[in-house]
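**Student:** So I've got this file, query35.cif, and it contains mmCIF, C-alpha atoms:
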data_target
#
loop_
_atom_site.group_PDB
_atom_site.id
_atom_site.type_symbol
_atom_site.label_atom_id
_atom_site.label_comp_id
_atom_site.auth_asym_id
_atom_site.auth_seq_id
_atom_site.Cartn_x
_atom_site.Cartn_y
_atom_site.Cartn_z
ATOM 1 C CA MET A 8 -56.883 -46.586 -1.398
ATOM 2 C CA ASP A 9 -56.758 -49.510 1.039
ATOM 3 C CA PRO A 10 -56.185 -52.837 -0.821
ATOM 4 C CA LYS A 11 -59.115 -54.373 1.094
ATOM 5 C CA GLU A 12 -61.324 -51.609 -0.268
ATOM 6 C CA ASP A 13 -59.996 -52.252 -3.794
ATOM 7 C CA VAL A 14 -61.176 -55.852 -3.564
ATOM 8 C CA THR A 15 -64.633 -54.798 -2.410
ATOM 9 C CA VAL A 16 -64.887 -52.215 -5.189
ATOM 10 C CA LEU A 17 -63.846 -54.788 -7.790
ATOM 11 C CA LEU A 18 -66.311 -57.343 -6.433
ATOM 12 C CA GLN A 19 -69.067 -54.743 -6.717
ATOM 13 C CA ALA A 20 -67.932 -53.968 -10.268
ATOM 14 C CA MET A 21 -68.162 -57.670 -11.103
ATOM 15 C CA LYS A 22 -71.730 -57.768 -9.820
ATOM 16 C CA ALA A 23 -72.506 -54.720 -11.956
ATOM 17 C CA GLY A 24 -71.325 -56.612 -15.027
ATOM 18 C CA ASP A 25 -67.732 -55.391 -15.427
ATOM 19 C CA GLN A 26 -66.172 -58.349 -17.272
ATOM 20 C CA ASP A 27 -62.580 -57.260 -16.553
ATOM 21 C CA ALA A 28 -63.031 -56.771 -12.798
ATOM 22 C CA PHE A 29 -62.182 -60.402 -11.987
ATOM 23 C CA ASP A 30 -58.882 -60.162 -13.882
ATOM 24 C CA ARG A 31 -58.026 -56.981 -11.956
ATOM 25 C CA LEU A 32 -59.071 -58.613 -8.664
ATOM 26 C CA VAL A 33 -56.912 -61.728 -8.833
ATOM 27 C CA PRO A 34 -53.520 -59.943 -8.605
ATOM 28 C CA LEU A 35 -54.718 -58.230 -5.412
ATOM 29 C CA VAL A 36 -55.457 -61.544 -3.675
ATOM 30 C CA TYR A 37 -53.037 -63.847 -5.530
ATOM 31 C CA ASP A 38 -50.461 -63.965 -2.719
ATOM 32 C CA GLU A 39 -53.178 -64.738 -0.184
ATOM 33 C CA LEU A 40 -54.566 -67.492 -2.407
ATOM 34 C CA ARG A 41 -51.079 -68.987 -2.750
ATOM 35 C CA LEU A 42 -50.641 -68.855 1.029
ATOM 36 C CA ILE A 43 -53.974 -70.627 1.550
ATOM 37 C CA ALA A 44 -53.017 -73.271 -1.007
ATOM 38 C CA ARG A 45 -49.499 -73.658 0.425
ATOM 39 C CA ASN A 46 -50.858 -74.101 3.969
ATOM 40 C CA HIS A 47 -53.084 -76.912 2.826
ATOM 41 C CA LEU A 48 -50.544 -78.586 0.598
ATOM 42 C CA ARG A 49 -47.853 -78.441 3.286
ATOM 43 C CA ARG A 50 -49.754 -81.123 5.199
ATOM 44 C CA HIS A 51 -49.642 -83.560 2.256
ATOM 45 C CA ARG A 52 -46.231 -83.649 0.536
ATOM 46 C CA ARG A 53 -45.754 -87.174 -0.706
ATOM 47 C CA SER A 54 -47.097 -87.093 -4.266
ATOM 48 C CA GLU A 55 -46.262 -85.215 -7.430
ATOM 49 C CA THR A 56 -49.796 -84.434 -8.455
ATOM 50 C CA LEU A 57 -50.793 -80.895 -7.509
ATOM 51 C CA ASN A 58 -48.748 -77.926 -6.343
ATOM 52 C CA THR A 59 -49.514 -74.529 -4.858
ATOM 53 C CA THR A 60 -49.358 -72.643 -8.149
ATOM 54 C CA ALA A 61 -51.381 -75.254 -10.003
ATOM 55 C CA LEU A 62 -54.055 -75.260 -7.298
ATOM 56 C CA VAL A 63 -54.397 -71.464 -7.348
ATOM 57 C CA HIS A 64 -54.512 -71.438 -11.144
ATOM 58 C CA GLU A 65 -57.123 -74.202 -11.234
ATOM 59 C CA VAL A 66 -59.229 -72.194 -8.768
ATOM 60 C CA TYR A 67 -58.796 -69.083 -10.934
ATOM 61 C CA VAL A 68 -59.992 -70.927 -14.044
ATOM 62 C CA LYS A 69 -62.917 -72.459 -12.166
ATOM 63 C CA MET A 70 -64.022 -69.113 -10.744
ATOM 64 C CA ALA A 71 -63.484 -67.243 -14.017
ATOM 65 C CA LYS A 72 -65.735 -69.727 -15.827
ATOM 66 C CA GLN A 73 -68.504 -69.243 -13.253
ATOM 67 C CA GLY A 74 -68.804 -65.578 -14.123
ATOM 68 C CA GLY A 75 -71.423 -64.418 -11.614
ATOM 69 C CA LEU A 76 -69.279 -64.589 -8.471
ATOM 70 C CA ASP A 77 -71.298 -63.149 -5.591
ATOM 71 C CA ALA A 78 -68.604 -62.335 -3.008
ATOM 72 C CA GLN A 79 -69.243 -59.355 -0.752
ATOM 73 C CA ASP A 80 -65.683 -58.465 0.297
ATOM 74 C CA ARG A 81 -62.101 -59.787 0.558
ATOM 75 C CA ALA A 82 -62.900 -62.210 3.390
ATOM 76 C CA HIS A 83 -65.944 -63.593 1.596
ATOM 77 C CA PHE A 84 -63.928 -63.945 -1.621
ATOM 78 C CA LEU A 85 -61.270 -65.952 0.262
ATOM 79 C CA ALA A 86 -63.979 -68.191 1.747
ATOM 80 C CA VAL A 87 -65.419 -68.775 -1.733
ATOM 81 C CA SER A 88 -61.889 -69.539 -2.921
ATOM 82 C CA ALA A 89 -61.496 -72.084 -0.112
ATOM 83 C CA CYS A 90 -64.641 -73.832 -1.327
ATOM 84 C CA ALA A 91 -63.303 -73.810 -4.889
ATOM 85 C CA MET A 92 -59.997 -75.281 -3.644
ATOM 86 C CA ARG A 93 -61.927 -78.101 -2.013
ATOM 87 C CA GLN A 94 -63.687 -78.814 -5.282
ATOM 88 C CA VAL A 95 -60.435 -78.798 -7.264
ATOM 89 C CA ILE A 96 -58.669 -81.069 -4.759
ATOM 90 C CA VAL A 97 -61.577 -83.516 -4.756
ATOM 91 C CA GLN A 98 -61.681 -83.432 -8.565
ATOM 92 C CA PHE A 99 -57.970 -84.332 -8.648
ATOM 93 C CA ALA A 100 -58.555 -87.097 -6.094
ATOM 94 C CA ARG A 101 -61.341 -88.556 -8.243
ATOM 95 C CA ALA A 102 -59.102 -88.423 -11.298
ATOM 96 C CA ARG A 103 -56.290 -90.150 -9.410
ATOM 97 C CA THR A 104 -58.539 -92.971 -8.199
ATOM 98 C CA ALA A 105 -59.873 -93.385 -11.743
ATOM 99 C CA GLU A 106 -56.298 -93.555 -12.999
ATOM 100 C CA LYS A 107 -55.486 -96.267 -10.486
ATOM 101 C CA ARG A 108 -58.429 -98.204 -11.885
ATOM 102 C CA GLY A 109 -56.980 -97.932 -15.376
ATOM 103 C CA GLY A 110 -58.076 -94.455 -16.493
ATOM 104 C CA GLY A 111 -54.903 -94.137 -18.537
ATOM 105 C CA GLU A 112 -54.156 -90.509 -17.734
ATOM 106 C CA SER A 113 -50.552 -89.665 -16.957
ATOM 107 C CA ALA A 114 -49.568 -87.643 -13.900
ATOM 108 C CA LEU A 115 -48.779 -83.976 -14.460
ATOM 109 C CA PRO A 116 -45.107 -83.148 -13.837
ATOM 110 C CA LEU A 117 -45.371 -80.306 -11.307
ATOM 111 C CA GLU A 118 -42.947 -78.785 -8.849
ATOM 112 C CA GLU A 119 -43.060 -76.944 -5.494
ATOM 113 C CA GLN A 120 -45.026 -78.287 -2.558
ATOM 114 C CA GLN A 121 -47.078 -81.277 -3.594
ATOM 115 C CA ILE A 122 -50.343 -82.709 -2.284
ATOM 116 C CA ALA A 123 -50.454 -86.439 -1.743
ATOM 117 C CA ILE A 124 -53.611 -87.098 -3.692
ATOM 118 C CA ASP A 125 -52.300 -90.530 -4.655
ATOM 119 C CA ASP A 126 -51.844 -91.468 -1.013
ATOM 120 C CA HIS A 127 -55.047 -89.877 0.297
ATOM 121 C CA ALA A 128 -57.490 -89.977 -2.630
ATOM 122 C CA HIS A 129 -59.969 -92.360 -1.026
ATOM 123 C CA GLN A 130 -59.847 -90.476 2.266
ATOM 124 C CA LEU A 131 -60.344 -87.113 0.505
ATOM 125 C CA LEU A 132 -63.328 -88.477 -1.399
ATOM 126 C CA GLU A 133 -64.838 -89.863 1.808
ATOM 127 C CA ILE A 134 -64.318 -86.518 3.565
ATOM 128 C CA ASP A 135 -65.929 -84.747 0.619
ATOM 129 C CA ARG A 136 -68.953 -87.061 0.765
ATOM 130 C CA ILE A 137 -69.287 -86.580 4.524
ATOM 131 C CA LEU A 138 -68.817 -82.823 4.154
ATOM 132 C CA ASP A 139 -71.728 -82.729 1.713
ATOM 133 C CA ARG A 140 -73.865 -84.433 4.374
ATOM 134 C CA LEU A 141 -72.677 -81.898 6.958
ATOM 135 C CA ARG A 142 -73.622 -79.076 4.564
ATOM 136 C CA ASP A 143 -77.168 -80.478 4.468
ATOM 137 C CA LYS A 144 -77.310 -80.326 8.275
ATOM 138 C CA ASP A 145 -75.363 -77.110 8.941
ATOM 139 C CA GLU A 146 -73.995 -74.936 6.126
ATOM 140 C CA ARG A 147 -71.786 -72.845 8.424
ATOM 141 C CA LEU A 148 -70.041 -75.887 9.924
ATOM 142 C CA ALA A 149 -69.298 -77.162 6.427
ATOM 143 C CA ARG A 150 -67.821 -73.787 5.477
ATOM 144 C CA VAL A 151 -65.592 -73.874 8.575
ATOM 145 C CA VAL A 152 -64.239 -77.266 7.483
ATOM 146 C CA GLU A 153 -63.558 -75.927 3.983
ATOM 147 C CA CYS A 154 -61.692 -72.955 5.403
ATOM 148 C CA ARG A 155 -59.694 -74.917 7.967
ATOM 149 C CA PHE A 156 -59.090 -78.261 6.234
ATOM 150 C CA PHE A 157 -59.149 -77.528 2.520
ATOM 151 C CA ALA A 158 -57.807 -73.959 2.524
ATOM 152 C CA GLY A 159 -55.552 -74.262 5.584
ATOM 153 C CA LEU A 160 -56.792 -71.033 7.176
ATOM 154 C CA ASN A 161 -56.107 -70.507 10.871
ATOM 155 C CA GLU A 162 -58.869 -69.667 13.357
ATOM 156 C CA ALA A 163 -58.634 -65.889 12.910
ATOM 157 C CA GLU A 164 -58.546 -66.140 9.112
ATOM 158 C CA THR A 165 -61.536 -68.483 9.176
ATOM 159 C CA ALA A 166 -63.494 -66.085 11.381
ATOM 160 C CA GLU A 167 -62.699 -63.227 9.018
ATOM 161 C CA ALA A 168 -63.519 -65.239 5.903
ATOM 162 C CA MET A 169 -66.862 -66.277 7.353
ATOM 163 C CA ASP A 170 -67.613 -62.897 8.928
ATOM 164 C CA VAL A 171 -68.139 -64.372 12.395
ATOM 165 C CA SER A 172 -66.415 -63.800 15.732
ATOM 166 C CA LEU A 173 -63.236 -65.697 16.534
ATOM 167 C CA ARG A 174 -65.030 -67.549 19.330
ATOM 168 C CA THR A 175 -67.847 -68.601 16.976
ATOM 169 C CA ALA A 176 -65.315 -69.901 14.459
ATOM 170 C CA GLN A 177 -63.547 -71.834 17.236
ATOM 171 C CA ARG A 178 -66.805 -73.368 18.515
ATOM 172 C CA ASP A 179 -67.913 -74.241 14.989
ATOM 173 C CA TRP A 180 -64.557 -75.885 14.253
ATOM 174 C CA MET A 181 -64.807 -77.972 17.447
ATOM 175 C CA ARG A 182 -68.379 -79.034 16.577
ATOM 176 C CA ALA A 183 -67.465 -79.808 12.971
ATOM 177 C CA ARG A 184 -64.432 -81.893 13.958
ATOM 178 C CA ALA A 185 -66.481 -83.877 16.455
ATOM 179 C CA TRP A 186 -69.183 -84.527 13.860
ATOM 180 C CA LEU A 187 -66.593 -85.508 11.237
ATOM 181 C CA ARG A 188 -64.868 -87.929 13.640
ATOM 182 C CA VAL A 189 -68.130 -89.720 14.313
ATOM 183 C CA GLU A 190 -69.035 -89.862 10.614
ATOM 184 C CA LEU A 191 -65.560 -91.038 9.577
ATOM 185 C CA ALA A 192 -65.582 -93.726 12.263
ATOM 186 C CA GLU A 193 -68.980 -94.945 11.070
ATOM 187 C CA SER A 194 -67.822 -95.020 7.449
ATOM 188 C CA VAL A 195 -64.872 -97.257 8.395
ATOM 189 C CA GLU A 196 -67.120 -99.804 10.118
#
Do you think you could lay out the structure here as structure tokens?

**Tutor:**
Amino acid sequence: MDPKEDVTVLLQAMKAGDQDAFDRLVPLVYDELRLIARNHLRRHRRSETLNTTALVHEVYVKMAKQGGLDAQDRAHFLAVSACAMRQVIVQFARARTAEKRGGGESALPLEEQQIAIDDHAHQLLEIDRILDRLRDKDERLARVVECRFFAGLNEAETAEAMDVSLRTAQRDWMRARAWLRVELAESVE
């Protein structure tokens, strides 16, 4: 059986109430999740706060706790994972800014490729806030940003994850970037 079909079958089993389907699903997409995490983390290597493995595992725990995951197929599952990665990264950024204000938590000693949450925490939080506003205006543009910026997917992977044409994903990414630039510039003023 095609691995892509296995994922779809397991996602359908999850919807039908199979409690073990998620645990059987994760090994099928684990390498892809690590690649998504690695692509994003590669852009931000200066801090020892979060690594590829830790990010994927945090996403796994987050998604496992949710239970009723409503992903249709492999691409949709990866898009949902990208959203979960955004949430985990923002959560770490919030924790790091709280720590800098005296939160008292110690940094986790992690290896591999690291994300510079220390260096970019305020910027990540601002992007998250602006992305929430974009979601209110255009859900699909916000999802493109999650796929491209937070998950590090390329154009083709984003199109597949969102189940749109490559050209639509490219146009949406251009529109989203333009909107984000304007919003970020206004937030600096």

**Student:** Identify, on the basis of only C-alpha atoms, every residue whose closest approach to Arg184 (chain A) does not exceed 8 Å; exclude the query and any residue fewer than 4 positions from it along the same chain; express the result as a list in words.

**Tutor:** Val152, Trp180 and Arg188 of chain A

**Student:** Could you give me the axis-aligned bounding box of region 55-70 of chain A, with 6 Å of padding per side, as centre plus edge lengths in Å to one decimal, as JSON?

**Tutor:**
{"center_x": -55.1, "center_y": -77.1, "center_z": -9.5, "size_x": 29.8, "size_y": 28.1, "size_z": 21.2}

**Student:** On this file, the PyMOL selection byres ((chain A and resi 163) around 9) gives some set of residues; write that set as a PyMOL selection string.

**Tutor:** chain A and resi 160-162+164-168+172-173+176-177

**Student:** With the file shown as input, list the residues that the PyMOL selection byres ((chain A and resi 21) around 12) selects, as an mmCIF file with C-alpha atoms, in the frame of the given file.

**Tutor:**
data_model
loop_
_atom_site.group_PDB
_atom_site.id
_atom_site.type_symbol
_atom_site.label_atom_id
_atom_site.label_comp_id
_atom_site.auth_asym_id
_atom_site.auth_seq_id
_atom_site.Cartn_x
_atom_site.Cartn_y
_atom_site.Cartn_z
ATOM 1 C CA VAL A 14 -61.176 -55.852 -3.564
ATOM 2 C CA THR A 15 -64.633 -54.798 -2.410
ATOM 3 C CA VAL A 16 -64.887 -52.215 -5.189
ATOM 4 C CA LEU A 17 -63.846 -54.788 -7.790
ATOM 5 C CA LEU A 18 -66.311 -57.343 -6.433
ATOM 6 C CA GLN A 19 -69.067 -54.743 -6.717
ATOM 7 C CA ALA A 20 -67.932 -53.968 -10.268
ATOM 8 C CA LYS A 22 -71.730 -57.768 -9.820
ATOM 9 C CA ALA A 23 -72.506 -54.720 -11.956
ATOM 10 C CA GLY A 24 -71.325 -56.612 -15.027
ATOM 11 C CA ASP A 25 -67.732 -55.391 -15.427
ATOM 12 C CA GLN A 26 -66.172 -58.349 -17.272
ATOM 13 C CA ASP A 27 -62.580 -57.260 -16.553
ATOM 14 C CA ALA A 28 -63.031 -56.771 -12.798
ATOM 15 C CA PHE A 29 -62.182 -60.402 -11.987
ATOM 16 C CA ASP A 30 -58.882 -60.162 -13.882
ATOM 17 C CA ARG A 31 -58.026 -56.981 -11.956
ATOM 18 C CA LEU A 32 -59.071 -58.613 -8.664
ATOM 19 C CA ALA A 71 -63.484 -67.243 -14.017
ATOM 20 C CA GLN A 73 -68.504 -69.243 -13.253
ATOM 21 C CA GLY A 74 -68.804 -65.578 -14.123
ATOM 22 C CA GLY A 75 -71.423 -64.418 -11.614
ATOM 23 C CA LEU A 76 -69.279 -64.589 -8.471
ATOM 24 C CA ASP A 77 -71.298 -63.149 -5.591
ATOM 25 C CA ALA A 78 -68.604 -62.335 -3.008
ATOM 26 C CA GLN A 79 -69.243 -59.355 -0.752
ATOM 27 C CA ASP A 80 -65.683 -58.465 0.297
#

**Student:** Return the single residue from A:Tyr67, A:Phe99, A:Phe156, A:Phe84 that is closest to Asn46 (chain A), with distances computed using all atoms listed in the file.

**Tutor:**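 Nearest to Asn46 (chain A): A:Phe156.
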
**Student:** Apply the PyMOL selection byres ((chain A and resi 98) around 12) to the file shown and report the selected residues as number ranges by chain.

**Tutor:** A: 56-57, 62, 65-66, 69, 91-97, 99-105, 124, 128-129, 131-132, 135

**Student:** So how many Å separate CA of Arg150 (chain A) and CA of Val171 (chain A), to one decimal?

**Tutor:**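 A separation of 11.7 Å between them.
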
**Student:** Need to verify the contact set: Glu39 (chain A), 10 Å, all atoms listed in the file, exclusion of same-chain residues closer than 5 positions in sequence. Can you return it as a list in words?

**Tutor:** Val33, Pro34, Ala44, Arg45, Val63 and Leu85 of chain A

**Student:** Find the distance between CA of His64 (chain A) and CA of Ile134 (chain A) and write it in Å to one decimal.

**Tutor:**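 Calculated distance between CA of His64 (chain A) and CA of Ile134 (chain A) is 23.2 Å.
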
**Student:** To one decimal place in Å, what is the distance between CA of Thr59 (chain A) and CA of Leu42 (chain A)?

**Tutor:**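 Interatomic distance, CA of Thr59 (chain A) to CA of Leu42 (chain A): 8.3 Å.
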
**Student:** Given only C-alpha atoms as the basis, pick out the residue of A:Asp170, A:Asp139, A:Glu133, A:Asp179 nearest to Val151 (chain A).

**Tutor:**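 For Val151 (chain A), the nearest of the candidates is A:Asp179.
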